[in-house]
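> Before I ask anything, let me first share the structure, which is written out below as structure tokens.
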Amino acid sequence: AKLVKELQALSARRPPAATPAATVDPLVSAAFTKFDANKSGHLGVSELHAALKHLGLDVQSSAETRQIMNKYDTDGDRKMSLDEFAKLVKELQALSARRPPAATPAATVDPLVSAAFTKFDANKSGHLGVSELHAALKHLGLDVQ
């Protein structure tokens with residue numbers, strides 16, 4: 001519900017603008033294609049829900065996803081087209097850019113913790129994936145499955 005309200009507030013300050021498919025960022029297009037599970041050329045509510053969750057958004061229910069869908073479904077067909085999805089992503093990026101970082105600033109992290117993190121961040125992504133975390137825990141003597 002909080003995400004929906006933030007998106008509504010952000011878009012209320014901006015005039016609606018169509019995003020022609022030819023100008024959609026290739027990464028956005030690739031994400032759209034990935035979550036278009038039935039290859040219909042549109043995202044249904046469940047497909048959009050999966051995409052939002054994958055993006056790390058705190059979408060609690062299908063009803064909340066439906067609210068987001070309704071807000072960006074400009075043609076009223078109850079599906080999200082690539083252009084509509086691109087507008088959503090653009091507004092999410094703008095919203096994200098306005099928020100202060102939630103993580104602890106690196107300058108305040110204990111140097112030993114930072115060194116350990118760097119050691120186990122094998123792909124240098126700045127995040128520990130499941131396999132990297134598993135390796136770190138195994139190194140500490142914890143046998144996790």
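How things are named: the first chain in the structure tokens is A, the next is B, and so on; residues count from 1 in each chain; ligands count from 1 in the order shown.
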Enumerate as JSON, numbers by chain all residues of region 55-108 of chain A assigned to helix (DSSP H, G or I) by DSSP on the backbone, naming them with the chain letters and numbers the document uses.
{"A": [62, 63, 64, 65, 66, 67, 68, 69, 70, 71, 72, 82, 83, 84, 85, 86, 87, 88, 89, 90, 91, 92, 93, 94, 95, 96, 97, 98, 106, 107, 108]}
> Might you pull out every residue within 6 Å of region 41-44 of chain A, with only C-alpha atoms counted and same-chain residues fewer than 6 positions away left off, and present them as a list in words?
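So the residues in contact are Lys79, Met80 and Ser81 of chain A.
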> Only C-alpha atoms, please: the residues just picked out, written as a short mmCIF file (atom, residue, chain, number, x, y, z; two decimals), in the first residue's frame.

data_model
loop_
_atom_site.label_atom_id
_atom_site.label_comp_id
_atom_site.auth_asym_id
_atom_site.auth_seq_id
_atom_site.Cartn_x
_atom_site.Cartn_y
_atom_site.Cartn_z
CA LYS A 79 -3.14 -6.01 -18.89
CA MET A 80 0.18 -4.20 -18.90
CA SER A 81 1.80 -3.53 -22.25
#
> Would you list the contacts of region 24-33 of chain A as a count of residues only, taking every protein, DNA or RNA residue within 9 Å and counting only C-alpha atoms, but skipping same-chain residues closer than 3 positions in sequence?
17
> If I take CA of Gly76 (chain A) and CA of Lys34 (chain A), how far is one from the other in Å, to one decimal?
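If I compute the distance from CA of Gly76 (chain A) to CA of Lys34 (chain A), I get 22.9 Å.
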